[in-house]
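This is model_15.cif. It holds mmCIF, C-alpha atoms.
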```cif
data_coords
#
loop_
_atom_site.group_PDB
_atom_site.id
_atom_site.type_symbol
_atom_site.label_atom_id
_atom_site.label_comp_id
_atom_site.auth_asym_id
_atom_site.auth_seq_id
_atom_site.Cartn_x
_atom_site.Cartn_y
_atom_site.Cartn_z
ATOM 1 C CA MET A 1373 0.000 0.000 0.000
ATOM 2 C CA SER A 1374 1.377 3.449 -0.955
ATOM 3 C CA ASP A 1375 0.297 7.049 -1.133
ATOM 4 C CA TYR A 1376 0.775 7.548 -4.870
ATOM 5 C CA SER A 1377 -0.395 11.170 -4.718
ATOM 6 C CA ASN A 1378 2.883 12.083 -3.003
ATOM 7 C CA PRO A 1379 5.670 10.331 -4.947
ATOM 8 C CA THR A 1380 9.372 10.175 -4.130
ATOM 9 C CA THR A 1381 11.423 11.826 -6.868
ATOM 10 C CA PRO A 1382 13.652 9.531 -8.965
ATOM 11 C CA ALA A 1383 16.721 11.561 -7.960
ATOM 12 C CA MET A 1384 16.044 11.045 -4.254
ATOM 13 C CA ARG A 1385 15.477 7.324 -4.752
ATOM 14 C CA LEU A 1386 18.754 7.082 -6.675
ATOM 15 C CA LEU A 1387 20.681 8.930 -3.969
ATOM 16 C CA LEU A 1388 19.264 6.685 -1.240
ATOM 17 C CA THR A 1389 20.219 3.605 -3.275
ATOM 18 C CA VAL A 1390 23.783 4.820 -3.780
ATOM 19 C CA ALA A 1391 24.042 5.780 -0.106
ATOM 20 C CA ALA A 1392 22.807 2.313 0.918
ATOM 21 C CA ILE A 1393 25.513 0.651 -1.165
ATOM 22 C CA LEU A 1394 28.204 2.923 0.259
ATOM 23 C CA VAL A 1395 27.271 2.333 3.902
ATOM 24 C CA LEU A 1396 27.117 -1.419 3.265
ATOM 25 C CA ILE A 1397 30.668 -1.320 1.896
ATOM 26 C CA ILE A 1398 31.836 0.692 4.911
ATOM 27 C CA GLY A 1399 29.881 -1.271 7.501
ATOM 28 C CA LEU A 1400 30.745 -4.864 6.607
ATOM 29 C CA PRO A 1401 34.520 -4.716 7.324
ATOM 30 C CA LEU A 1402 33.956 -2.636 10.461
ATOM 31 C CA TYR A 1403 31.475 -5.138 11.851
ATOM 32 C CA LEU A 1404 33.032 -8.389 10.633
ATOM 33 C CA ALA A 1405 36.723 -7.467 11.006
ATOM 34 C CA PRO A 1406 36.857 -4.836 13.766
ATOM 35 C CA THR A 1407 40.504 -5.621 14.524
ATOM 36 C CA ARG A 1408 41.700 -4.768 10.976
ATOM 37 C CA THR A 1409 40.736 -1.126 10.708
ATOM 38 C CA ASP A 1410 44.423 -0.268 10.248
ATOM 39 C CA LEU A 1411 44.113 -1.783 6.756
ATOM 40 C CA LEU A 1412 40.419 -1.772 5.853
ATOM 41 C CA PHE A 1413 39.189 1.568 7.182
ATOM 42 C CA SER A 1414 39.915 5.268 6.885
ATOM 43 C CA TRP A 1415 41.458 5.481 10.342
ATOM 44 C CA THR A 1416 42.557 2.977 12.957
ATOM 45 C CA VAL A 1417 39.691 2.381 15.383
ATOM 46 C CA ASN A 1418 40.415 1.110 18.876
ATOM 47 C CA PRO A 1419 39.118 -0.760 20.764
ATOM 48 C CA PRO A 1420 37.442 -3.207 18.342
ATOM 49 C CA MET A 1421 34.183 -2.701 20.239
ATOM 50 C CA THR A 1422 34.072 0.824 18.832
ATOM 51 C CA ALA A 1423 34.637 -0.435 15.288
ATOM 52 C CA ALA A 1424 31.796 -2.937 15.691
ATOM 53 C CA PHE A 1425 29.547 -0.206 17.097
ATOM 54 C CA LEU A 1426 30.239 1.999 14.085
ATOM 55 C CA GLY A 1427 29.759 -0.970 11.746
ATOM 56 C CA SER A 1428 26.378 -1.685 13.332
ATOM 57 C CA GLY A 1429 25.306 1.851 12.566
ATOM 58 C CA TYR A 1430 26.368 1.643 8.934
ATOM 59 C CA LEU A 1431 24.615 -1.689 8.391
ATOM 60 C CA ALA A 1432 21.429 -0.386 9.997
ATOM 61 C CA ALA A 1433 21.687 2.713 7.801
ATOM 62 C CA CYS A 1434 21.838 0.416 4.778
ATOM 63 C CA VAL A 1435 18.484 -1.049 5.838
ATOM 64 C CA ILE A 1436 16.665 2.278 6.150
ATOM 65 C CA GLU A 1437 18.217 3.750 3.009
ATOM 66 C CA MET A 1438 17.608 0.724 0.803
ATOM 67 C CA THR A 1439 14.028 0.169 1.971
ATOM 68 C CA SER A 1440 13.251 3.889 1.648
ATOM 69 C CA ALA A 1441 14.802 3.994 -1.841
ATOM 70 C CA ARG A 1442 12.268 1.375 -2.925
ATOM 71 C CA GLU A 1443 9.303 3.456 -1.762
ATOM 72 C CA ASP A 1444 7.146 5.151 -4.385
ATOM 73 C CA SER A 1445 5.553 7.201 -1.625
ATOM 74 C CA TRP A 1446 7.477 10.111 -0.101
ATOM 75 C CA SER A 1447 5.307 9.681 2.996
ATOM 76 C CA ARG A 1448 7.256 6.480 3.735
ATOM 77 C CA ALA A 1449 10.617 7.358 2.189
ATOM 78 C CA ARG A 1450 11.184 10.694 3.925
ATOM 79 C CA ILE A 1451 11.871 9.139 7.331
ATOM 80 C CA ALA A 1452 15.390 8.272 6.155
ATOM 81 C CA VAL A 1453 16.487 11.669 4.918
ATOM 82 C CA PRO A 1454 16.806 14.152 7.846
ATOM 83 C CA ALA A 1455 18.679 11.658 10.027
ATOM 84 C CA VAL A 1456 21.072 10.701 7.219
ATOM 85 C CA LEU A 1457 21.644 14.372 6.445
ATOM 86 C CA MET A 1458 22.395 15.074 10.102
ATOM 87 C CA PHE A 1459 24.782 12.129 10.416
ATOM 88 C CA THR A 1460 26.715 12.800 7.210
ATOM 89 C CA THR A 1461 27.106 16.498 8.024
ATOM 90 C CA MET A 1462 28.412 15.829 11.529
ATOM 91 C CA THR A 1463 30.725 13.078 10.256
ATOM 92 C CA LEU A 1464 32.168 15.487 7.680
ATOM 93 C CA ILE A 1465 32.862 17.993 10.452
ATOM 94 C CA ALA A 1466 34.501 15.283 12.598
ATOM 95 C CA THR A 1467 36.650 14.254 9.634
ATOM 96 C CA LEU A 1468 37.846 17.813 9.025
ATOM 97 C CA LEU A 1469 38.621 18.276 12.725
ATOM 98 C CA HIS A 1470 40.760 15.112 12.872
ATOM 99 C CA MET A 1471 42.399 14.894 9.454
ATOM 100 C CA GLY A 1472 45.708 13.953 11.082
ATOM 101 C CA ASN A 1473 44.224 10.653 12.269
ATOM 102 C CA PHE A 1474 43.237 9.493 8.796
ATOM 103 C CA HIS A 1475 45.201 7.165 6.538
ATOM 104 C CA PHE A 1476 46.280 9.674 3.888
ATOM 105 C CA GLY A 1477 50.052 9.294 4.159
ATOM 106 C CA PRO A 1478 52.392 7.279 1.895
ATOM 107 C CA GLU A 1479 53.236 4.946 4.796
ATOM 108 C CA PHE A 1480 49.816 3.325 4.417
ATOM 109 C CA PRO A 1481 49.021 0.639 1.800
ATOM 110 C CA LEU A 1482 47.486 1.828 -1.468
ATOM 111 C CA ILE A 1483 44.128 0.182 -0.767
ATOM 112 C CA THR A 1484 43.955 1.895 2.632
ATOM 113 C CA ARG A 1485 44.709 5.310 1.146
ATOM 114 C CA PHE A 1486 42.120 4.693 -1.572
ATOM 115 C CA VAL A 1487 39.462 3.890 1.026
ATOM 116 C CA THR A 1488 40.387 7.044 2.936
ATOM 117 C CA TYR A 1489 40.130 9.362 -0.059
ATOM 118 C CA VAL A 1490 36.814 7.778 -1.055
ATOM 119 C CA TRP A 1491 35.596 8.435 2.498
ATOM 120 C CA LEU A 1492 36.510 12.115 2.204
ATOM 121 C CA VAL A 1493 34.853 12.531 -1.202
ATOM 122 C CA VAL A 1494 31.674 10.767 -0.095
ATOM 123 C CA TYR A 1495 31.236 12.811 3.073
ATOM 124 C CA ALA A 1496 32.032 16.051 1.254
ATOM 125 C CA ALA A 1497 29.449 15.311 -1.452
ATOM 126 C CA VAL A 1498 26.541 13.460 0.154
ATOM 127 C CA PRO A 1499 25.361 16.177 2.607
ATOM 128 C CA VAL A 1500 25.311 18.811 -0.137
ATOM 129 C CA VAL A 1501 23.565 16.610 -2.704
ATOM 130 C CA MET A 1502 21.051 15.336 -0.165
ATOM 131 C CA ALA A 1503 20.222 18.848 1.042
ATOM 132 C CA VAL A 1504 19.580 20.006 -2.527
ATOM 133 C CA LEU A 1505 17.453 16.958 -3.364
ATOM 134 C CA LEU A 1506 15.492 17.317 -0.123
ATOM 135 C CA PHE A 1507 14.721 20.943 -1.021
ATOM 136 C CA LEU A 1508 13.543 19.901 -4.483
ATOM 137 C CA GLN A 1509 11.511 17.012 -3.050
ATOM 138 C CA VAL A 1510 9.724 19.198 -0.528
ATOM 139 C CA ARG A 1511 8.810 21.692 -3.265
ATOM 140 C CA VAL A 1512 6.796 19.058 -5.142
ATOM 141 C CA SER A 1513 5.401 17.172 -2.150
ATOM 142 C CA ARG A 1514 1.812 17.378 -0.984
ATOM 143 C CA PRO A 1515 0.191 16.934 2.456
ATOM 144 C CA ASP A 1516 -0.208 13.324 3.551
ATOM 145 C CA GLN A 1517 -3.371 11.547 2.467
ATOM 146 C CA THR A 1518 -2.877 8.322 4.415
ATOM 147 C CA GLU A 1519 -2.867 7.447 8.115
ATOM 148 C CA LEU A 1520 -3.082 3.753 8.882
ATOM 149 C CA ALA A 1521 -1.612 3.067 12.305
ATOM 150 C CA LEU A 1522 -1.531 6.027 14.666
ATOM 151 C CA MET A 1523 0.809 5.481 17.616
ATOM 152 C CA PRO A 1524 -0.495 5.203 21.167
ATOM 153 C CA LEU A 1525 0.739 7.753 23.667
ATOM 154 C CA TRP A 1526 3.177 5.342 25.325
ATOM 155 C CA SER A 1527 4.910 4.669 21.994
ATOM 156 C CA LEU A 1528 5.199 8.376 21.242
ATOM 157 C CA ALA A 1529 6.620 8.979 24.709
ATOM 158 C CA SER A 1530 9.153 6.155 24.451
ATOM 159 C CA PHE A 1531 10.425 7.328 21.047
ATOM 160 C CA MET A 1532 10.687 10.932 22.237
ATOM 161 C CA ILE A 1533 12.555 9.959 25.407
ATOM 162 C CA MET A 1534 15.031 7.832 23.446
ATOM 163 C CA GLY A 1535 15.456 10.678 20.995
ATOM 164 C CA VAL A 1536 16.195 13.205 23.742
ATOM 165 C CA ILE A 1537 18.702 10.853 25.397
ATOM 166 C CA LEU A 1538 20.573 10.220 22.146
ATOM 167 C CA LEU A 1539 20.616 13.895 21.199
ATOM 168 C CA ALA A 1540 22.007 14.801 24.622
ATOM 169 C CA VAL A 1541 24.679 12.082 24.538
ATOM 170 C CA GLY A 1542 25.534 12.903 20.937
ATOM 171 C CA PHE A 1543 25.871 16.607 21.704
ATOM 172 C CA ALA A 1544 28.145 15.891 24.671
ATOM 173 C CA LEU A 1545 30.390 13.456 22.791
ATOM 174 C CA PHE A 1546 30.636 15.551 19.654
ATOM 175 C CA PHE A 1547 31.178 19.021 21.099
ATOM 176 C CA TYR A 1548 32.866 18.161 24.418
ATOM 177 C CA PRO A 1549 34.584 14.789 23.848
ATOM 178 C CA ALA A 1550 37.460 15.267 26.286
ATOM 179 C CA GLN A 1551 35.177 16.275 29.152
ATOM 180 C CA THR A 1552 32.355 13.770 28.623
ATOM 181 C CA LYS A 1553 33.579 10.595 26.886
ATOM 182 C CA ASP A 1554 34.558 8.877 30.126
ATOM 183 C CA LEU A 1555 31.307 9.903 31.819
ATOM 184 C CA VAL A 1556 28.661 8.992 29.252
ATOM 185 C CA TRP A 1557 30.229 6.082 27.377
ATOM 186 C CA PRO A 1558 30.913 2.583 28.771
ATOM 187 C CA TRP A 1559 34.280 1.912 27.101
ATOM 188 C CA PRO A 1560 37.347 4.038 26.242
ATOM 189 C CA LEU A 1561 37.144 6.493 23.336
ATOM 190 C CA SER A 1562 39.542 8.859 21.635
ATOM 191 C CA ALA A 1563 38.418 12.343 20.650
ATOM 192 C CA LEU A 1564 37.830 11.147 17.070
ATOM 193 C CA THR A 1565 35.875 8.033 17.995
ATOM 194 C CA ALA A 1566 33.869 10.053 20.533
ATOM 195 C CA ARG A 1567 32.859 12.448 17.768
ATOM 196 C CA ALA A 1568 32.167 9.566 15.364
ATOM 197 C CA ILE A 1569 29.860 7.934 17.910
ATOM 198 C CA GLY A 1570 28.426 11.354 18.731
ATOM 199 C CA ALA A 1571 27.490 11.793 15.068
ATOM 200 C CA TRP A 1572 25.615 8.466 15.160
ATOM 201 C CA CYS A 1573 23.831 9.444 18.371
ATOM 202 C CA LEU A 1574 22.789 12.787 16.893
ATOM 203 C CA GLY A 1575 21.527 11.146 13.707
ATOM 204 C CA ASN A 1576 19.622 8.425 15.537
ATOM 205 C CA GLY A 1577 18.308 10.901 18.096
ATOM 206 C CA LEU A 1578 16.855 12.961 15.272
ATOM 207 C CA LEU A 1579 15.463 9.759 13.748
ATOM 208 C CA PHE A 1580 13.603 8.877 16.951
ATOM 209 C CA MET A 1581 12.203 12.411 17.169
ATOM 210 C CA HIS A 1582 11.133 12.199 13.526
ATOM 211 C CA ILE A 1583 9.373 8.889 14.225
ATOM 212 C CA ALA A 1584 7.431 10.540 17.049
ATOM 213 C CA TYR A 1585 6.624 13.518 14.821
ATOM 214 C CA GLU A 1586 5.185 11.264 12.104
ATOM 215 C CA ARG A 1587 3.127 9.460 14.815
ATOM 216 C CA ASP A 1588 2.065 6.755 12.337
ATOM 217 C CA PHE A 1589 3.663 3.299 12.425
ATOM 218 C CA TRP A 1590 2.979 2.746 8.720
ATOM 219 C CA ARG A 1591 4.863 5.856 7.621
ATOM 220 C CA VAL A 1592 7.950 5.006 9.704
ATOM 221 C CA GLU A 1593 8.097 1.265 9.093
ATOM 222 C CA ASN A 1594 11.510 1.467 7.396
ATOM 223 C CA ALA A 1595 13.033 3.334 10.333
ATOM 224 C CA LEU A 1596 11.575 0.922 12.882
ATOM 225 C CA LEU A 1597 12.998 -2.066 11.010
ATOM 226 C CA ALA A 1598 16.421 -0.425 10.720
ATOM 227 C CA LEU A 1599 16.540 0.457 14.423
ATOM 228 C CA PHE A 1600 15.444 -3.050 15.379
ATOM 229 C CA VAL A 1601 18.244 -4.486 13.235
ATOM 230 C CA TYR A 1602 20.592 -1.943 14.823
ATOM 231 C CA GLY A 1603 19.708 -3.211 18.285
ATOM 232 C CA ILE A 1604 20.334 -6.825 17.255
ATOM 233 C CA LEU A 1605 23.699 -5.940 15.713
ATOM 234 C CA LEU A 1606 24.762 -4.017 18.816
ATOM 235 C CA THR A 1607 23.735 -6.898 21.075
ATOM 236 C CA VAL A 1608 25.685 -9.453 19.025
ATOM 237 C CA ALA A 1609 28.730 -7.163 18.840
ATOM 238 C CA PHE A 1610 28.702 -6.650 22.599
ATOM 239 C CA ALA A 1611 28.409 -10.372 23.285
ATOM 240 C CA ARG A 1612 31.242 -11.076 20.846
ATOM 241 C CA LEU A 1613 33.698 -8.378 21.963
ATOM 242 C CA ALA A 1614 32.935 -7.554 25.598
ATOM 243 C CA GLY A 1615 35.733 -9.811 26.801
ATOM 244 C CA ASP A 1616 38.439 -8.149 24.705
ATOM 245 C CA LEU A 1617 41.526 -6.863 26.479
ATOM 246 C CA ALA A 1618 43.088 -3.473 25.907
ATOM 247 C CA ALA A 1619 46.786 -3.203 25.043
ATOM 248 C CA SER A 1620 47.530 -2.388 28.676
ATOM 249 C CA GLY A 1621 45.958 -5.647 29.794
ATOM 250 C CA GLU A 1622 42.986 -3.904 31.387
ATOM 251 C CA ARG A 1623 39.526 -5.035 30.438
ATOM 252 C CA ILE A 1624 37.715 -2.664 28.096
ATOM 253 C CA ILE A 1625 34.356 -3.314 29.753
ATOM 254 C CA ASP A 1626 33.976 -2.336 33.402
ATOM 255 C CA TRP A 1627 30.874 -4.050 34.755
ATOM 256 C CA ALA A 1628 30.782 -1.626 37.683
ATOM 257 C CA ASN A 1629 30.422 1.362 35.355
ATOM 258 C CA PRO A 1630 26.858 2.796 35.506
ATOM 259 C CA ALA A 1631 27.230 3.962 31.890
ATOM 260 C CA LEU A 1632 27.519 0.332 30.800
ATOM 261 C CA TRP A 1633 24.203 -0.645 32.385
ATOM 262 C CA ALA A 1634 22.552 2.463 30.965
ATOM 263 C CA TYR A 1635 23.858 1.493 27.514
ATOM 264 C CA LEU A 1636 22.567 -2.074 27.775
ATOM 265 C CA ALA A 1637 19.192 -0.930 29.133
ATOM 266 C CA PHE A 1638 18.844 1.537 26.272
ATOM 267 C CA VAL A 1639 19.546 -1.155 23.662
ATOM 268 C CA LEU A 1640 16.969 -3.486 25.224
ATOM 269 C CA VAL A 1641 14.293 -0.771 25.354
ATOM 270 C CA MET A 1642 15.088 0.174 21.752
ATOM 271 C CA LEU A 1643 14.673 -3.441 20.671
ATOM 272 C CA ALA A 1644 11.325 -3.746 22.434
ATOM 273 C CA ALA A 1645 9.893 -0.420 21.223
ATOM 274 C CA THR A 1646 11.036 -0.672 17.618
ATOM 275 C CA GLY A 1647 10.193 -4.375 17.332
ATOM 276 C CA HIS A 1648 6.657 -3.739 18.562
ATOM 277 C CA GLY A 1649 6.287 -0.746 16.271
ATOM 278 C CA TRP A 1650 7.566 -2.624 13.232
ATOM 279 C CA LEU A 1651 5.078 -5.438 13.805
ATOM 280 C CA ARG A 1652 2.259 -2.891 14.097
ATOM 281 C CA ALA A 1653 3.425 -1.266 10.876
ATOM 282 C CA ARG A 1654 3.491 -4.617 9.053
ATOM 283 C CA ARG A 1655 -0.050 -5.408 10.165
ATOM 284 C CA SER A 1656 -1.319 -1.997 9.110
ATOM 285 C CA GLY A 1657 0.319 -2.275 5.687
ATOM 286 C CA ALA A 1658 -1.400 -5.601 5.104
ATOM 287 C CA GLN A 1659 -4.828 -4.028 5.507
ATOM 288 C CA PRO A 1660 -6.847 -3.524 2.300
#
```
Would you give me this structure, written as structure tokens?
Amino acid sequence: MSDYSNPTTPAMRLLLTVAAILVLIIGLPLYLAPTRTDLLFSWTVNPPMTAAFLGSGYLAACVIEMTSAREDSWSRARIAVPAVLMFTTMTLIATLLHMGNFHFGPEFPLITRFVTYVWLVVYAAVPVVMAVLLFLQVRVSRPDQTELALMPLWSLASFMIMGVILLAVGFALFFYPAQTKDLVWPWPLSALTARAIGAWCLGNGLLFMHIAYERDFWRVENALLALFVYGILLTVAFARLAGDLAASGERIIDWANPALWAYLAFVLVMLAATGHGWLRARRSGAQP
């Protein structure tokens, strides 16, 4: 079922498809080989838990971008765009602030330098192109004609609370990494990885707020599926890497750290809320 009176432009669908392919290419090595970022990524990410966290975000982004690219209806496709625009813009800023950490130099293998330059080109181009296409899309869009599965108050509240939490954490990590990274995050971060994670938190925080703004499970089905997948990926990554040791021999995960339990509780609540919402969206879309 689609709202054909409010179509997604071909240019926007193409951009979302290309973006989905790019984040899949970035996310797979981060998630599957988090200890090889010195070769396979644009900068060396330590500890591997951080690489897997970033990889989870990219793979979840592939889900929302690819499913939204397939939508004829802008009412269902638009949920992907503001969050992606936020994330790519903040990641570009983080890249420019930490250029010295990236694998540009001749001491790095050719494939590593190639990946790094592609990273820079992509993050310089995508925010600009997406902003222009969003402006053009909004100019031709019409008010929504379809509401199939309005959210109950408790769902709206849960999405808004998660959005506020992520925006606050993302703001702290991105703008004040040195002062806040050891307070709000459960494992060690550098300034660059704090800002990289902060960019994800800001993007996902905006996504949760956008879900609450749409207030209709059917219109945000793609986002709910992507966030549910995100929660699964984060859970598997944590189970796989929580026992890793840092170079100093100290455990990366401190089970006495309140930030760790807050992180795990957040992931569980996200899984429950987005899983429930996605099932509601699927049932509403099956209605005649």
(request) Tell me which protein, DNA and RNA residues are within 12 Å of Val1435 in chain A, counting all atoms listed in the file, leaving out same-chain ones fewer than 3 positions away, and put them as a PyMOL selection string. (result) chain A and resi 1388-1389+1391-1396+1399+1428-1432+1438-1442+1452+1593-1602
Evaluate the PyMOL selection byres ((chain A and resi 1468-1478) around 7) on the structure here and hand back the selected residues as a short mmCIF file (atom, residue, chain, number, x, y, z; two decimals) with C-alpha atoms, in the frame of the given file.
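What landed in selection20.cif:
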```
data_model
loop_
_atom_site.label_atom_id
_atom_site.label_comp_id
_atom_site.auth_asym_id
_atom_site.auth_seq_id
_atom_site.Cartn_x
_atom_site.Cartn_y
_atom_site.Cartn_z
CA SER A 1414 39.92 5.27 6.88
CA TRP A 1415 41.46 5.48 10.34
CA LEU A 1464 32.17 15.49 7.68
CA ILE A 1465 32.86 17.99 10.45
CA ALA A 1466 34.50 15.28 12.60
CA THR A 1467 36.65 14.25 9.63
CA GLU A 1479 53.24 4.95 4.80
CA PHE A 1480 49.82 3.32 4.42
CA THR A 1484 43.96 1.90 2.63
CA ARG A 1485 44.71 5.31 1.15
CA THR A 1488 40.39 7.04 2.94
CA LEU A 1564 37.83 11.15 17.07
#
```
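If all atoms listed in the file are the atoms counted, then among A:Trp1491, A:Phe1610, A:Trp1526, A:Trp1446 the closest residue to Leu1506 in chain A is A:Trp1446.
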(message) Report as a VMD selection string all protein, DNA and RNA residues lying within 10 Å of Arg1655 in chain A, evaluated on all atoms listed in the file, omitting residues in the same chain fewer than 6 positions from it.
(response) chain A and resid 1520 to 1521 1589 to 1590 1649
Range 1580-1584 of chain A surroundings by all atoms listed in the file, 9 Å radius, close-in-sequence under 2 positions cut, as a JSON list (two decimals) with C-alpha atoms, in the frame of the given file:
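Output contents, as saved in selection30.json:
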```
[["chain", "number", "residue", "atom", "x", "y", "z"],
["A", 1451, "ILE", "CA", 11.87, 9.14, 7.33],
["A", 1454, "PRO", "CA", 16.81, 14.15, 7.85],
["A", 1455, "ALA", "CA", 18.68, 11.66, 10.03],
["A", 1523, "MET", "CA", 0.81, 5.48, 17.62],
["A", 1527, "SER", "CA", 4.91, 4.67, 21.99],
["A", 1528, "LEU", "CA", 5.20, 8.38, 21.24],
["A", 1529, "ALA", "CA", 6.62, 8.98, 24.71],
["A", 1530, "SER", "CA", 9.15, 6.16, 24.45],
["A", 1531, "PHE", "CA", 10.42, 7.33, 21.05],
["A", 1532, "MET", "CA", 10.69, 10.93, 22.24],
["A", 1533, "ILE", "CA", 12.56, 9.96, 25.41],
["A", 1534, "MET", "CA", 15.03, 7.83, 23.45],
["A", 1535, "GLY", "CA", 15.46, 10.68, 21.00],
["A", 1536, "VAL", "CA", 16.20, 13.20, 23.74],
["A", 1538, "LEU", "CA", 20.57, 10.22, 22.15],
["A", 1575, "GLY", "CA", 21.53, 11.15, 13.71],
["A", 1576, "ASN", "CA", 19.62, 8.43, 15.54],
["A", 1577, "GLY", "CA", 18.31, 10.90, 18.10],
["A", 1578, "LEU", "CA", 16.86, 12.96, 15.27],
["A", 1586, "GLU", "CA", 5.18, 11.26, 12.10],
["A", 1587, "ARG", "CA", 3.13, 9.46, 14.82],
["A", 1588, "ASP", "CA", 2.06, 6.76, 12.34],
["A", 1589, "PHE", "CA", 3.66, 3.30, 12.42],
["A", 1591, "ARG", "CA", 4.86, 5.86, 7.62],
["A", 1592, "VAL", "CA", 7.95, 5.01, 9.70],
["A", 1595, "ALA", "CA", 13.03, 3.33, 10.33],
["A", 1596, "LEU", "CA", 11.58, 0.92, 12.88]]
```
(message) When the PyMOL selection byres ((chain A and resi 1409) around 12) is applied to the structure above, which residues does it catch, written out as a PyMOL selection string?
(response) chain A and resi 1398-1408+1410-1424+1426-1427+1474-1475+1480+1484+1487-1488
Could you save the residues just selected, with C-alpha atoms, as an mmCIF file, in the frame of the given file?
```cif
data_model
loop_
_atom_site.group_PDB
_atom_site.id
_atom_site.type_symbol
_atom_site.label_atom_id
_atom_site.label_comp_id
_atom_site.auth_asym_id
_atom_site.auth_seq_id
_atom_site.Cartn_x
_atom_site.Cartn_y
_atom_site.Cartn_z
ATOM 1 C CA ILE A 1398 31.836 0.692 4.911
ATOM 2 C CA GLY A 1399 29.881 -1.271 7.501
ATOM 3 C CA LEU A 1400 30.745 -4.864 6.607
ATOM 4 C CA PRO A 1401 34.520 -4.716 7.324
ATOM 5 C CA LEU A 1402 33.956 -2.636 10.461
ATOM 6 C CA TYR A 1403 31.475 -5.138 11.851
ATOM 7 C CA LEU A 1404 33.032 -8.389 10.633
ATOM 8 C CA ALA A 1405 36.723 -7.467 11.006
ATOM 9 C CA PRO A 1406 36.857 -4.836 13.766
ATOM 10 C CA THR A 1407 40.504 -5.621 14.524
ATOM 11 C CA ARG A 1408 41.700 -4.768 10.976
ATOM 12 C CA ASP A 1410 44.423 -0.268 10.248
ATOM 13 C CA LEU A 1411 44.113 -1.783 6.756
ATOM 14 C CA LEU A 1412 40.419 -1.772 5.853
ATOM 15 C CA PHE A 1413 39.189 1.568 7.182
ATOM 16 C CA SER A 1414 39.915 5.268 6.885
ATOM 17 C CA TRP A 1415 41.458 5.481 10.342
ATOM 18 C CA THR A 1416 42.557 2.977 12.957
ATOM 19 C CA VAL A 1417 39.691 2.381 15.383
ATOM 20 C CA ASN A 1418 40.415 1.110 18.876
ATOM 21 C CA PRO A 1419 39.118 -0.760 20.764
ATOM 22 C CA PRO A 1420 37.442 -3.207 18.342
ATOM 23 C CA MET A 1421 34.183 -2.701 20.239
ATOM 24 C CA THR A 1422 34.072 0.824 18.832
ATOM 25 C CA ALA A 1423 34.637 -0.435 15.288
ATOM 26 C CA ALA A 1424 31.796 -2.937 15.691
ATOM 27 C CA LEU A 1426 30.239 1.999 14.085
ATOM 28 C CA GLY A 1427 29.759 -0.970 11.746
ATOM 29 C CA PHE A 1474 43.237 9.493 8.796
ATOM 30 C CA HIS A 1475 45.201 7.165 6.538
ATOM 31 C CA PHE A 1480 49.816 3.325 4.417
ATOM 32 C CA THR A 1484 43.955 1.895 2.632
ATOM 33 C CA VAL A 1487 39.462 3.890 1.026
ATOM 34 C CA THR A 1488 40.387 7.044 2.936
#
```
(request) Determine the nearest neighbour of Trp1627 in chain A from the options A:Gly1615, A:Gly1542, A:Gly1570, A:Pro1379, counting only C-alpha atoms. (result)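 Checking each of A:Gly1615, A:Gly1542, A:Gly1570, A:Pro1379 against Trp1627 in chain A, counting only C-alpha atoms, the winner is A:Gly1615.
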(request) Would you mind listing what lies within 8 Å of Met1502 in chain A as number ranges by chain, with only C-alpha atoms counted and same-chain residues fewer than 4 positions away left out? (result) A: 1384, 1387, 1453, 1457, 1498, 1506
(request) Using CA of Asn1378 in chain A and CA of Ser1513 in chain A as the two end points, give the distance in Å to one decimal. (result)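 So the answer is 5.7 Å.
Each of A:Leu1636, A:Met1458, A:Leu1482, A:Pro1515 was checked against Val1500 in chain A using only C-alpha atoms; the smallest atom-to-atom distance is that of A:Met1458.
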(request) Apply the PyMOL selection byres ((chain A and resi 1543-1559) around 9) to the structure shown and report the selected residues as a PyMOL selection string. (result) chain A and resi 1419+1421-1422+1462+1466+1538-1542+1560-1564+1566-1571+1573-1574+1624-1627+1629-1635
Can I get the selection written as a compact mmCIF listing (two decimals), in the coordinates of the input, with C-alpha atoms?
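Wrote it out as out.txt, contents follow:
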```txt
# COMPACT_ATOMS: atom_id res chain seq x y z
CA PRO A 1419 39.12 -0.76 20.76
CA MET A 1421 34.18 -2.70 20.24
CA THR A 1422 34.07 0.82 18.83
CA MET A 1462 28.41 15.83 11.53
CA ALA A 1466 34.50 15.28 12.60
CA LEU A 1538 20.57 10.22 22.15
CA LEU A 1539 20.62 13.90 21.20
CA ALA A 1540 22.01 14.80 24.62
CA VAL A 1541 24.68 12.08 24.54
CA GLY A 1542 25.53 12.90 20.94
CA PRO A 1560 37.35 4.04 26.24
CA LEU A 1561 37.14 6.49 23.34
CA SER A 1562 39.54 8.86 21.64
CA ALA A 1563 38.42 12.34 20.65
CA LEU A 1564 37.83 11.15 17.07
CA ALA A 1566 33.87 10.05 20.53
CA ARG A 1567 32.86 12.45 17.77
CA ALA A 1568 32.17 9.57 15.36
CA ILE A 1569 29.86 7.93 17.91
CA GLY A 1570 28.43 11.35 18.73
CA ALA A 1571 27.49 11.79 15.07
CA CYS A 1573 23.83 9.44 18.37
CA LEU A 1574 22.79 12.79 16.89
CA ILE A 1624 37.72 -2.66 28.10
CA ILE A 1625 34.36 -3.31 29.75
CA ASP A 1626 33.98 -2.34 33.40
CA TRP A 1627 30.87 -4.05 34.76
CA ASN A 1629 30.42 1.36 35.35
CA PRO A 1630 26.86 2.80 35.51
CA ALA A 1631 27.23 3.96 31.89
CA LEU A 1632 27.52 0.33 30.80
CA TRP A 1633 24.20 -0.64 32.38
CA ALA A 1634 22.55 2.46 30.96
CA TYR A 1635 23.86 1.49 27.51
```
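Reported to one decimal place, the separation of CA of Thr1460 in chain A from CA of Tyr1495 in chain A is 6.1 Å.
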Draw an axis-aligned box over all listed atoms of range 1494-1511 of chain A, pad each side with 8 Å, and write its centre and edge lengths in Å, one decimal, as AutoDock Vina command-line options.
```
--center_x 20.4 --center_y 16.2 --center_z -0.7 --size_x 39.2 --size_y 26.9 --size_z 23.6
```
